[in-house]
>>> print(open('input08.txt').read())   # compact mmCIF, C-alpha atoms
# COMPACT_ATOMS: atom_id res chain seq x y z
CA MET V 244 24.49 18.79 -10.70
CA ASP V 245 26.32 15.59 -11.69
CA ASP V 246 27.45 15.62 -15.35
CA SER V 247 26.09 12.12 -15.96
CA VAL V 248 22.65 13.19 -14.72
CA THR V 249 22.70 16.20 -17.04
CA HIS V 250 23.74 14.00 -19.95
CA THR V 251 20.96 11.50 -19.22
CA ALA V 252 18.36 14.28 -19.03
CA ARG V 253 19.46 15.74 -22.37
CA GLU V 254 19.39 12.36 -24.07
CA LEU V 255 15.89 11.71 -22.78
CA GLU V 256 14.73 15.08 -24.06
CA ARG V 257 15.89 14.03 -27.51
CA THR V 258 13.94 10.78 -27.12
CA ILE V 259 10.53 12.13 -26.07
CA GLY V 260 10.89 15.92 -26.33
CA ARG V 261 11.31 18.79 -23.92
CA GLY V 262 8.90 19.56 -21.12
CA ARG V 263 8.47 16.00 -19.90
CA VAL V 264 11.94 15.43 -18.47
CA ARG V 265 12.64 17.00 -15.09
CA LEU V 266 14.89 16.75 -12.10
CA PRO V 267 13.21 15.46 -8.95
CA HIS V 268 12.12 17.25 -5.79
CA TYR V 269 10.44 14.95 -3.30
CA GLU V 270 11.35 11.99 -5.52
CA SER V 271 15.08 12.75 -5.23
CA ARG V 272 15.58 9.74 -2.97
CA ALA V 273 14.11 7.50 -5.67
CA ALA V 274 15.46 8.65 -9.05
CA GLN V 275 18.02 11.03 -10.54
CA VAL V 276 15.86 12.07 -13.50
CA ILE V 277 12.08 11.92 -13.87
CA VAL V 278 10.40 11.29 -17.24
CA GLU V 279 6.68 11.61 -17.94
CA PRO V 280 5.76 9.59 -21.05
CA GLU V 281 2.67 10.78 -22.89
CA ASN V 282 1.47 7.38 -24.05
CA LEU V 283 2.19 3.67 -24.17
CA ASP V 284 4.53 3.89 -27.17
CA GLU V 285 6.81 6.34 -25.35
CA THR V 286 6.85 4.10 -22.28
CA MET V 287 7.91 1.15 -24.41
CA GLU V 288 10.64 3.21 -26.07
CA LEU V 289 11.97 4.35 -22.69
CA VAL V 290 12.28 0.73 -21.53
CA ARG V 291 14.11 -0.20 -24.74
CA LYS V 292 16.49 2.75 -24.28
CA CYS V 293 17.23 1.75 -20.68
CA GLU V 294 18.06 -1.79 -21.78
CA ARG V 295 20.34 -0.52 -24.56
CA ASP V 296 22.16 1.93 -22.31
CA GLY V 297 22.17 -0.14 -19.12
CA LEU V 298 20.12 2.38 -17.13
CA ALA V 299 18.19 1.29 -14.05
CA LEU V 300 14.59 2.52 -14.07
CA ALA V 301 11.72 2.58 -11.62
CA PRO V 302 8.05 3.29 -12.33
CA PHE V 303 6.15 5.30 -9.72
CA GLY V 304 3.16 7.42 -8.88
CA ALA V 305 4.01 9.84 -6.05
CA ALA V 306 7.23 7.89 -5.22
CA ARG V 307 6.29 7.62 -1.55
CA THR V 308 6.94 3.88 -1.30
CA LEU V 309 9.89 3.92 -3.69
CA ALA V 310 11.62 6.67 -1.73
CA GLN V 311 11.47 4.44 1.35
CA ILE V 312 12.68 1.15 -0.13
CA ARG V 313 15.60 2.51 -2.16
CA SER V 314 18.87 3.28 -0.38
CA ALA V 315 20.16 4.99 -3.55
CA PRO V 316 18.23 6.50 -6.48
CA VAL V 317 17.86 4.78 -9.85
CA GLU V 318 19.02 6.67 -12.92
CA LEU V 319 15.53 7.04 -14.37
CA GLY V 320 12.13 7.36 -12.75
CA ILE V 321 9.16 6.83 -15.07
CA SER V 322 6.17 8.81 -13.82
CA LEU V 323 2.90 7.57 -15.28
CA SER V 324 0.95 10.67 -14.25
CA ARG V 325 0.00 11.39 -17.89
CA LEU V 326 -1.33 7.87 -18.45
CA ASP V 327 -4.50 8.45 -16.46
CA ARG V 328 -7.41 7.55 -18.74
CA ILE V 329 -10.44 5.46 -17.90
CA ILE V 330 -10.45 3.04 -20.83
CA ALA V 331 -13.68 1.13 -20.18
CA TYR V 332 -16.29 1.12 -17.44
CA ALA V 333 -19.05 -1.48 -17.51
CA SER V 334 -21.25 -0.53 -14.56
CA ASP V 335 -23.70 -3.39 -15.17
CA ASP V 336 -20.84 -5.89 -15.02
CA MET V 337 -19.14 -3.93 -12.23
CA THR V 338 -15.75 -3.88 -13.96
CA ILE V 339 -13.44 -1.06 -14.95
CA THR V 340 -10.24 -0.81 -17.01
CA VAL V 341 -7.95 2.16 -16.37
CA GLU V 342 -4.43 3.35 -17.09
CA ALA V 343 -1.90 2.99 -14.31
CA GLY V 344 -1.39 6.72 -13.71
CA LEU V 345 -4.99 7.27 -12.60
CA THR V 346 -5.32 7.81 -8.86
CA LEU V 347 -7.55 5.62 -6.76
CA ALA V 348 -9.50 8.71 -5.65
CA ALA V 349 -10.18 9.72 -9.27
CA LEU V 350 -11.27 6.19 -10.16
CA ASN V 351 -13.75 6.05 -7.29
CA MET V 352 -15.06 9.52 -8.09
CA HIS V 353 -15.88 8.29 -11.61
CA THR V 354 -17.79 5.23 -10.34
CA LEU V 355 -19.59 7.13 -7.57
CA THR V 356 -22.61 7.97 -9.76
CA HIS V 357 -23.33 4.24 -10.00
CA ARG V 358 -22.71 3.77 -6.26
CA GLN V 359 -19.73 1.54 -6.95
CA ARG V 360 -16.07 1.62 -5.86
CA LEU V 361 -12.77 -0.18 -6.06
CA ALA V 362 -12.91 -1.46 -2.50
CA VAL V 363 -9.27 -1.13 -1.45
CA ASP V 364 -8.22 1.66 0.85
CA PRO V 365 -4.50 2.39 1.20
CA PRO V 366 -3.60 5.68 2.88
CA ARG V 367 -4.03 8.86 0.85
CA PRO V 368 -5.97 7.56 -2.18
CA GLU V 369 -5.61 10.96 -3.85
CA LEU V 370 -1.85 10.27 -4.08
CA THR V 371 -2.07 6.53 -4.81
CA THR V 372 -2.00 5.65 -8.50
CA VAL V 373 -3.39 2.37 -9.78
CA GLY V 374 0.11 1.21 -10.76
CA ALA V 375 1.47 1.96 -7.30
CA LEU V 376 -1.55 0.31 -5.68
CA ILE V 377 -0.79 -2.95 -7.50
CA ALA V 378 3.00 -2.85 -7.32
CA GLY V 379 3.05 -1.91 -3.63
CA ALA V 380 0.20 -4.26 -2.62
CA ARG V 381 -0.93 -1.74 -0.02
CA SER V 382 -4.27 -2.12 1.73
CA GLY V 383 -6.19 -0.66 4.64
CA PRO V 384 -9.09 -1.38 6.99
CA LEU V 385 -11.36 -2.72 4.23
CA ARG V 386 -9.21 -5.81 3.66
CA MET V 387 -11.25 -7.56 6.38
CA SER V 388 -14.46 -7.58 4.30
CA GLU V 389 -13.29 -6.86 0.74
CA GLY V 390 -9.90 -8.54 0.52
CA THR V 391 -6.81 -6.99 -1.06
CA VAL V 392 -6.05 -5.57 -4.48
CA ARG V 393 -5.06 -9.02 -5.70
CA ASP V 394 -8.60 -10.25 -4.99
CA LEU V 395 -10.10 -7.49 -7.17
CA LEU V 396 -7.52 -7.39 -9.98
CA ILE V 397 -8.76 -9.38 -13.00
CA GLY V 398 -6.49 -8.07 -15.75
CA VAL V 399 -3.13 -6.34 -16.12
CA ARG V 400 -0.87 -4.95 -18.86
CA PHE V 401 2.75 -4.00 -18.41
CA VAL V 402 5.84 -3.12 -20.41
CA GLY V 403 8.52 -5.71 -19.88
CA HIS V 404 11.80 -6.95 -21.32
CA GLN V 405 12.69 -5.44 -24.74
CA GLY V 406 9.88 -2.92 -24.33
CA ARG V 407 7.23 -5.52 -25.11
CA LEU V 408 3.63 -5.07 -23.99
CA ILE V 409 2.52 -8.09 -21.97
CA HIS V 410 -1.10 -8.93 -21.12
CA GLY V 411 -2.63 -11.08 -18.44
CA GLY V 412 -6.25 -11.77 -17.52
CA GLY V 413 -9.16 -9.63 -18.63
CA SER V 414 -10.59 -10.17 -22.11
CA VAL V 415 -7.16 -10.68 -23.70
CA VAL V 416 -4.80 -13.23 -22.18
CA LYS V 417 -1.15 -13.56 -23.10
CA ASN V 418 0.45 -15.34 -20.19
CA VAL V 419 4.22 -15.58 -19.99
CA ALA V 420 5.40 -19.17 -19.51
CA GLY V 421 2.14 -20.00 -17.73
CA TYR V 422 2.48 -17.36 -14.96
CA ASP V 423 -0.58 -15.88 -13.28
CA LEU V 424 0.41 -12.32 -14.11
CA MET V 425 -2.03 -10.68 -11.69
CA LYS V 426 -0.37 -12.53 -8.80
CA VAL V 427 3.11 -11.97 -10.18
CA MET V 428 2.75 -8.20 -10.59
CA THR V 429 0.93 -7.57 -7.30
CA GLY V 430 3.56 -6.61 -4.75
CA SER V 431 6.40 -6.68 -7.30
CA HIS V 432 7.49 -3.10 -6.50
CA GLY V 433 8.33 -2.33 -10.12
CA THR V 434 11.01 -5.03 -10.30
CA LEU V 435 9.44 -6.99 -13.17
CA GLY V 436 8.10 -4.31 -15.50
CA VAL V 437 6.14 -1.06 -15.81
CA ILE V 438 2.43 -1.58 -15.15
CA THR V 439 0.46 0.51 -17.66
CA GLU V 440 -3.14 -0.72 -17.40
CA ALA V 441 -5.37 -2.72 -15.06
CA THR V 442 -8.87 -4.17 -14.98
CA PHE V 443 -10.69 -4.50 -11.67
CA ARG V 444 -13.85 -5.98 -10.26
CA LEU V 445 -15.85 -3.27 -8.47
CA ARG V 446 -18.04 -3.48 -5.37
CA PRO V 447 -21.24 -1.63 -4.44
CA LEU V 448 -20.96 1.19 -1.93
CA PRO V 449 -22.07 0.10 1.55
CA THR V 450 -25.39 1.37 2.85
CA ASN V 451 -26.01 2.94 6.27
CA TYR V 452 -22.30 2.99 7.13
CA THR V 453 -21.86 3.43 10.87
CA LEU V 454 -18.83 3.54 13.17
CA ALA V 455 -18.81 2.04 16.64
CA CYS V 456 -15.96 3.11 18.96
CA GLY V 457 -15.19 1.61 22.36
CA LYS V 458 -12.70 3.17 24.79
CA TYR V 459 -10.17 1.30 26.96
CA GLY V 460 -7.30 2.04 29.31
CA ALA V 461 -5.30 -1.13 28.67
CA ARG V 462 -4.01 -2.85 25.54
CA ALA V 463 -5.10 -6.34 26.59
CA GLU V 464 -8.67 -5.23 27.33
CA ALA V 465 -9.05 -3.47 23.98
CA LEU V 466 -7.67 -6.38 21.98
CA ALA V 467 -9.77 -8.93 23.89
CA ALA V 468 -12.94 -6.91 23.21
CA ALA V 469 -12.08 -6.65 19.52
CA MET V 470 -11.42 -10.39 19.29
CA ARG V 471 -14.82 -11.14 20.88
CA LEU V 472 -16.49 -8.72 18.49
CA ARG V 473 -14.81 -10.38 15.51
CA GLU V 474 -16.42 -13.70 16.42
CA LEU V 475 -19.82 -12.18 17.21
CA ALA V 476 -20.83 -10.16 14.16
CA PRO V 477 -19.74 -9.43 10.55
CA MET V 478 -17.92 -6.10 10.27
CA VAL V 479 -16.83 -3.94 7.37
CA HIS V 480 -13.58 -3.38 9.27
CA LEU V 481 -12.32 -3.78 12.83
CA GLU V 482 -9.31 -1.96 14.29
CA VAL V 483 -7.63 -1.22 17.59
CA MET V 484 -5.65 2.02 17.79
CA SER V 485 -3.18 2.84 20.54
CA GLY V 486 -1.79 6.02 22.06
CA ILE V 487 -1.27 8.81 19.56
CA GLY V 488 -3.47 6.98 17.05
CA ALA V 489 -6.44 6.94 19.41
CA ARG V 490 -5.91 10.60 20.29
CA SER V 491 -5.66 11.58 16.62
CA LEU V 492 -9.22 10.30 16.23
CA GLY V 493 -10.41 12.53 19.07
CA PHE V 494 -10.31 10.07 21.97
CA GLU V 495 -8.57 10.78 25.27
CA ASP V 496 -8.23 7.10 26.13
CA ASP V 497 -5.06 5.08 25.55
CA PHE V 498 -6.76 2.50 23.32
CA VAL V 499 -9.86 2.56 21.13
CA VAL V 500 -11.68 -0.22 19.28
CA ILE V 501 -13.19 0.96 15.98
CA ALA V 502 -15.74 -1.17 14.13
CA GLY V 503 -17.34 -0.36 10.79
CA LEU V 504 -20.93 -1.52 10.31
CA ALA V 505 -23.08 -1.49 7.18
CA GLY V 506 -26.21 -3.05 5.68
CA SER V 507 -29.93 -2.47 5.67
CA GLU V 508 -31.43 -0.46 8.52
CA PRO V 509 -32.62 -3.58 10.39
CA GLU V 510 -29.19 -5.21 9.89
CA VAL V 511 -27.34 -2.20 11.25
CA ALA V 512 -29.77 -1.94 14.18
CA HIS V 513 -29.04 -5.58 15.02
CA LEU V 514 -25.30 -5.03 14.72
CA ARG V 515 -25.45 -1.97 16.97
CA ASP V 516 -27.19 -4.08 19.60
CA GLN V 517 -24.54 -6.80 19.34
CA VAL V 518 -21.68 -4.29 19.52
CA SER V 519 -23.18 -2.52 22.54
CA ARG V 520 -22.96 -5.76 24.49
CA VAL V 521 -19.24 -6.08 23.86
CA LEU V 522 -17.59 -2.66 23.72
CA ASP V 523 -17.11 -0.47 26.81
CA GLY V 524 -18.29 3.13 26.56
CA VAL V 525 -19.41 2.57 22.97
CA VAL V 526 -20.13 5.64 20.84
CA PHE V 527 -21.89 5.36 17.47
CA THR V 528 -21.49 7.82 14.60
CA ASN V 529 -22.88 7.70 11.08
CA ALA V 530 -23.12 9.68 7.86
CA ALA V 531 -20.46 12.34 7.25
CA GLU V 532 -18.90 12.15 10.71
CA ALA V 533 -18.37 8.40 10.42
CA ILE V 534 -16.68 8.84 7.04
CA ARG V 535 -14.39 11.59 8.35
CA THR V 536 -13.30 9.42 11.28
CA TYR V 537 -12.75 6.45 8.98
CA GLU V 538 -10.57 8.59 6.67
CA ARG V 539 -8.40 9.67 9.60
CA LEU V 540 -8.12 6.01 10.62
CA ARG V 541 -7.17 5.01 7.05
CA ASP V 542 -4.60 7.77 6.56
CA PHE V 543 -3.00 7.83 10.00
CA ILE V 544 0.13 5.83 9.14
CA ASP V 545 1.00 7.99 6.12
CA HIS V 546 2.87 11.11 7.26
CA GLU V 547 5.12 12.42 4.48
CA ASN V 548 6.99 14.88 6.71
CA ALA V 549 7.37 12.62 9.75
CA THR V 550 11.17 12.73 9.93
CA GLY V 551 12.67 10.09 12.18
CA THR V 552 9.61 7.87 12.07
CA VAL V 553 9.88 4.07 12.02
CA VAL V 554 6.84 2.17 10.72
CA ALA V 555 6.48 -1.53 9.86
CA GLU V 556 3.64 -3.82 8.89
CA ILE V 557 3.33 -7.28 10.39
CA ALA V 558 1.09 -10.24 9.53
CA VAL V 559 0.67 -13.07 12.04
CA PRO V 560 -1.99 -15.70 12.85
CA GLN V 561 -4.95 -13.82 14.31
CA ILE V 562 -4.78 -15.60 17.64
CA GLU V 563 -1.13 -14.53 18.06
CA LEU V 564 -1.70 -10.82 17.41
CA PRO V 565 -2.25 -9.69 21.05
CA ARG V 566 0.90 -11.49 22.23
CA VAL V 567 3.02 -10.04 19.41
CA LEU V 568 1.80 -6.48 20.02
CA GLU V 569 2.63 -6.80 23.71
CA ALA V 570 6.12 -8.10 22.92
CA CYS V 571 6.77 -5.27 20.45
CA GLY V 572 5.82 -2.66 23.05
CA SER V 573 5.18 0.16 20.55
CA GLY V 574 2.33 2.17 19.11
CA PHE V 575 0.12 0.25 16.71
CA ARG V 576 -2.90 0.19 14.44
CA ALA V 577 -4.16 -3.40 14.50
CA HIS V 578 -6.53 -4.85 11.90
CA VAL V 579 -7.87 -7.47 14.26
CA GLY V 580 -9.92 -9.34 11.67
CA ASN V 581 -6.81 -10.12 9.61
CA GLY V 582 -3.91 -10.59 12.01
CA VAL V 583 -2.28 -7.55 10.39
CA ALA V 584 -0.95 -4.49 12.20
CA GLU V 585 1.22 -1.45 11.62
CA LEU V 586 3.79 -0.73 14.34
CA PHE V 587 5.30 2.70 14.80
CA VAL V 588 7.55 4.88 16.94
CA GLY V 589 8.01 8.61 16.56
CA LEU V 590 4.86 8.98 14.45
CA PRO V 591 3.18 12.37 14.90
CA ALA V 592 -0.42 13.32 14.30
CA PRO V 593 -1.82 16.75 13.32
CA GLY V 594 -1.44 19.06 16.29
CA LEU V 595 0.21 16.38 18.43
CA ASN V 596 3.74 15.39 19.36
CA GLY V 597 5.29 12.01 18.64
CA ASP V 598 3.90 8.97 20.45
CA SER V 599 7.25 8.03 22.00
CA PRO V 600 10.92 8.99 21.74
CA LEU V 601 12.54 7.44 18.69
CA ALA V 602 14.75 4.49 19.51
CA ASP V 603 17.56 3.19 17.34
CA PRO V 604 15.80 2.08 14.10
CA TYR V 605 17.90 -1.07 13.71
CA ALA V 606 17.25 -2.21 17.30
CA THR V 607 13.56 -1.34 17.02
CA ILE V 608 13.00 -3.28 13.81
CA SER V 609 15.06 -6.20 15.11
CA ARG V 610 12.86 -6.43 18.22
CA TRP V 611 9.66 -6.26 16.16
CA ARG V 612 10.99 -8.79 13.65
CA GLN V 613 11.94 -11.31 16.33
CA ALA V 614 8.53 -11.09 18.02
CA THR V 615 6.81 -11.50 14.64
CA HIS V 616 8.93 -14.46 13.59
CA ASP V 617 8.36 -16.15 16.95
CA ALA V 618 4.65 -16.13 16.05
CA ARG V 619 5.34 -17.54 12.53
CA GLY V 620 4.59 -14.19 10.95
CA ILE V 621 6.25 -11.79 8.53
CA LEU V 622 7.33 -8.15 8.73
CA ARG V 623 7.77 -5.46 6.10
CA VAL V 624 9.26 -2.05 6.84
CA LEU V 625 7.16 0.88 5.58
CA ARG V 626 9.12 3.89 6.79
CA LEU V 627 12.63 4.60 8.05
CA PRO V 628 14.81 7.66 8.59
CA PRO V 629 17.06 8.15 5.52
CA ASP V 630 20.27 7.41 7.42
CA ALA V 631 18.97 3.99 8.52
CA ARG V 632 17.99 2.59 5.11
CA SER V 633 21.36 1.04 4.38
CA ARG V 634 21.36 -0.86 7.70
CA VAL V 635 17.80 -2.17 7.93
CA ALA V 636 16.29 -4.84 5.66
CA ILE V 637 12.92 -3.74 4.27
CA PHE V 638 11.70 -7.31 3.72
CA ASP V 639 12.17 -10.54 5.63
CA ASP V 640 14.51 -13.15 4.20
CA PRO V 641 12.41 -15.78 2.37
CA PRO V 642 12.93 -19.53 2.73
CA PRO V 643 15.71 -20.77 0.40
CA ALA V 644 13.32 -22.65 -1.91
CA ALA V 645 11.05 -19.61 -2.27
CA PHE V 646 13.99 -17.30 -2.90
CA LYS V 647 15.32 -19.61 -5.61
CA LEU V 648 11.95 -19.35 -7.37
CA MET V 649 11.97 -15.55 -6.99
CA ARG V 650 15.40 -15.33 -8.58
CA ARG V 651 14.27 -17.44 -11.53
CA LEU V 652 11.23 -15.21 -11.92
CA LYS V 653 13.35 -12.04 -11.88
CA ALA V 654 15.76 -13.51 -14.45
CA ALA V 655 12.87 -14.51 -16.74
CA PHE V 656 11.10 -11.15 -16.62
CA ASP V 657 14.13 -8.85 -16.34
CA PRO V 658 17.25 -10.52 -17.79
CA ARG V 659 19.04 -7.16 -18.13
CA GLY V 660 18.36 -6.23 -14.49
CA ILE V 661 17.03 -2.73 -15.20
CA PHE V 662 13.67 -2.78 -13.40
CA ASN V 663 14.09 -1.20 -9.96
CA PRO V 664 17.05 -3.40 -8.99
CA GLY V 665 17.76 -4.01 -5.31
CA SER V 666 14.24 -3.09 -4.17
CA PHE V 667 12.70 -6.44 -3.40
CA VAL V 668 13.14 -9.51 -1.21
CA GLY V 669 16.76 -10.58 -0.94
CA GLY V 670 17.98 -7.54 -2.87
CA LEU V 671 16.32 -8.59 -6.15
>>> encode(input="input08.txt", output="structure tokens")
Amino acid sequence: MDDSVTHTARELERTIGRGRVRLPHYESRAAQVIVEPENLDETMELVRKCERDGLALAPFGAARTLAQIRSAPVELGISLSRLDRIIAYASDDMTITVEAGLTLAALNMHTLTHRQRLAVDPPRPELTTVGALIAGARSGPLRMSEGTVRDLLIGVRFVGHQGRLIHGGGSVVKNVAGYDLMKVMTGSHGTLGVITEATFRLRPLPTNYTLACGKYGARAEALAAAMRLRELAPMVHLEVMSGIGARSLGFEDDFVVIAGLAGSEPEVAHLRDQVSRVLDGVVFTNAAEAIRTYERLRDFIDHENATGTVVAEIAVPQIELPRVLEACGSGFRAHVGNGVAELFVGLPAPGLNGDSPLADPYATISRWRQATHDARGILRVLRLPPDARSRVAIFDDPPPAAFKLMRRLKAAFDPRGIFNPGSFVGGL
């Protein structure tokens, strides 16, 4: 073990006590030492110590995203797993305030008795903490009907420069220089502060949830059917899965269109009729089987042990999505209602081999990026083999004017440069 790492661990033990400082296992790609503060005061003191000593820190939940975007670990990882309380839940107002270490699955289990949920669905909600949900701006199939985490986030608290607690939105507002802090912190990847608390607007659980699946042998046919369906009827979500993704859901066909339906019984009956006129070989499932299939659809991209996998997320104008997917020539999960898709090579599924032989990651991402940019879209890398992370840019380069604003924002929020440096657009 490196002497400096040992010294840092011992100093942190003196700061917050033994038993909550540990060396990483899975998180080793993200941080040299992991600290688990017990409360807000300890989190603030850790930030102050890092500023005094010039230590880079990174907040995280399970460190899955952080381990991908960092090419080298920070000195200190702050795990918020002990800050997992539900602070306030107003079911009549459909709002909830929670600490950032609470997982999305635990939050939704708490609101289940009132048939409410936080309607965002990144992969593996049992591993996704509220802080990581906001900082990573991850979403899933539900973004078509419910929006993203930014649309549901109405208040945030975080520990920033000098260990100060900063508030935005909710019932107490303390904006910093006029910034909309909910927008600023969403997708910030821990580069502006340590999110400690959030307030969300909840949604009612859907009724009579039903899945409609249509089977196709060609990419163009599946995407065309999904595009027609998007214009015809309101869906909870609408995806096209290719290759290994379709087979992981139990289909033998090369492509499958998956539509989520919900509403009153007459509404769902009408939607089923509309869908049957569009999708080939349509199969309907409901109740527990529909939920199990949806969960496999939601979690498919997230494979912790998929060594050698390359995954990226693209966002393009909806009308351009079929052309971009054809140009990329890879496996995909396309959210047709949003113009968003995840591209992948080498991604396995339970009991199955990889979808295609893994190409050179740099060449693969370059091809995907060019096709996306040609359609006026953006690309973000989600997963790379460890040996490729120093060669491949995780984020697209922003326009010069936008990057200038980002640099000013980083300097205002993190003048000492300790918050997850080098993990955002342009190396911020």
>>> closest_residue(input="input08.txt", among="V:Leu481, V:Ala505, V:Val437, V:Ala333", to="Gly383 of chain V", atoms="all atoms listed in the file")
V:Leu481
>>> residues_around(input="input08.txt", residues="Arg610 of chain V", least_positions_apart="2", cutoff="12 Å", atoms="all atoms listed in the file", output="PDB file with C-alpha atoms, in the frame of the given file")
ATOM      1  CA  ALA V 555       6.480  -1.530   9.860  1.00  0.00           C
ATOM      2  CA  VAL V 567       3.020 -10.040  19.410  1.00  0.00           C
ATOM      3  CA  LEU V 568       1.800  -6.480  20.020  1.00  0.00           C
ATOM      4  CA  GLU V 569       2.630  -6.800  23.710  1.00  0.00           C
ATOM      5  CA  ALA V 570       6.120  -8.100  22.920  1.00  0.00           C
ATOM      6  CA  CYS V 571       6.770  -5.270  20.450  1.00  0.00           C
ATOM      7  CA  GLY V 572       5.820  -2.660  23.050  1.00  0.00           C
ATOM      8  CA  SER V 573       5.180   0.160  20.550  1.00  0.00           C
ATOM      9  CA  LEU V 586       3.790  -0.730  14.340  1.00  0.00           C
ATOM     10  CA  ALA V 602      14.750   4.490  19.510  1.00  0.00           C
ATOM     11  CA  ASP V 603      17.560   3.190  17.340  1.00  0.00           C
ATOM     12  CA  PRO V 604      15.800   2.080  14.100  1.00  0.00           C
ATOM     13  CA  TYR V 605      17.900  -1.070  13.710  1.00  0.00           C
ATOM     14  CA  ALA V 606      17.250  -2.210  17.300  1.00  0.00           C
ATOM     15  CA  THR V 607      13.560  -1.340  17.020  1.00  0.00           C
ATOM     16  CA  ILE V 608      13.000  -3.280  13.810  1.00  0.00           C
ATOM     17  CA  ARG V 612      10.990  -8.790  13.650  1.00  0.00           C
ATOM     18  CA  GLN V 613      11.940 -11.310  16.330  1.00  0.00           C
ATOM     19  CA  ALA V 614       8.530 -11.090  18.020  1.00  0.00           C
ATOM     20  CA  THR V 615       6.810 -11.500  14.640  1.00  0.00           C
ATOM     21  CA  HIS V 616       8.930 -14.460  13.590  1.00  0.00           C
ATOM     22  CA  ASP V 617       8.360 -16.150  16.950  1.00  0.00           C
ATOM     23  CA  LEU V 622       7.330  -8.150   8.730  1.00  0.00           C
TER      24      LEU V 622
END
>>> closest_residue(input="input08.txt", among="V:Gly669, V:Gly398, V:Pro509, V:Gly486", to="Gly589 of chain V", atoms="all atoms listed in the file")
V:Gly486
>>> closest_residue(input="input08.txt", among="V:Ser609, V:Thr434, V:Asn451, V:Thr536", to="Leu671 of chain V", atoms="only C-alpha atoms")
V:Thr434
>>> closest_residue(input="input08.txt", among="V:Pro384, V:Pro449, V:Pro368, V:Gly457", to="Val583 of chain V", atoms="all atoms listed in the file")
V:Pro384
>>> atom_distance(input="input08.txt", atom1="atom CA of Ser507 of chain V", atom2="atom CA of Gly582 of chain V")
28.0 Å
>>> residues_around(input="input08.txt", residues="segment 317-322 of chain V", least_positions_apart="4", cutoff="8 Å", atoms="only C-alpha atoms", output="ChimeraX atom specification")
/V:248,273-280,298-304,344,663
>>> axis_aligned_box(input="input08.txt", around="segment 391-405 of chain V", padding_each_side="5 Å", output="AutoDock Vina command-line options")
--center_x 1.3 --center_y -6.7 --center_z -12.9 --size_x 32.8 --size_y 17.1 --size_z 33.7
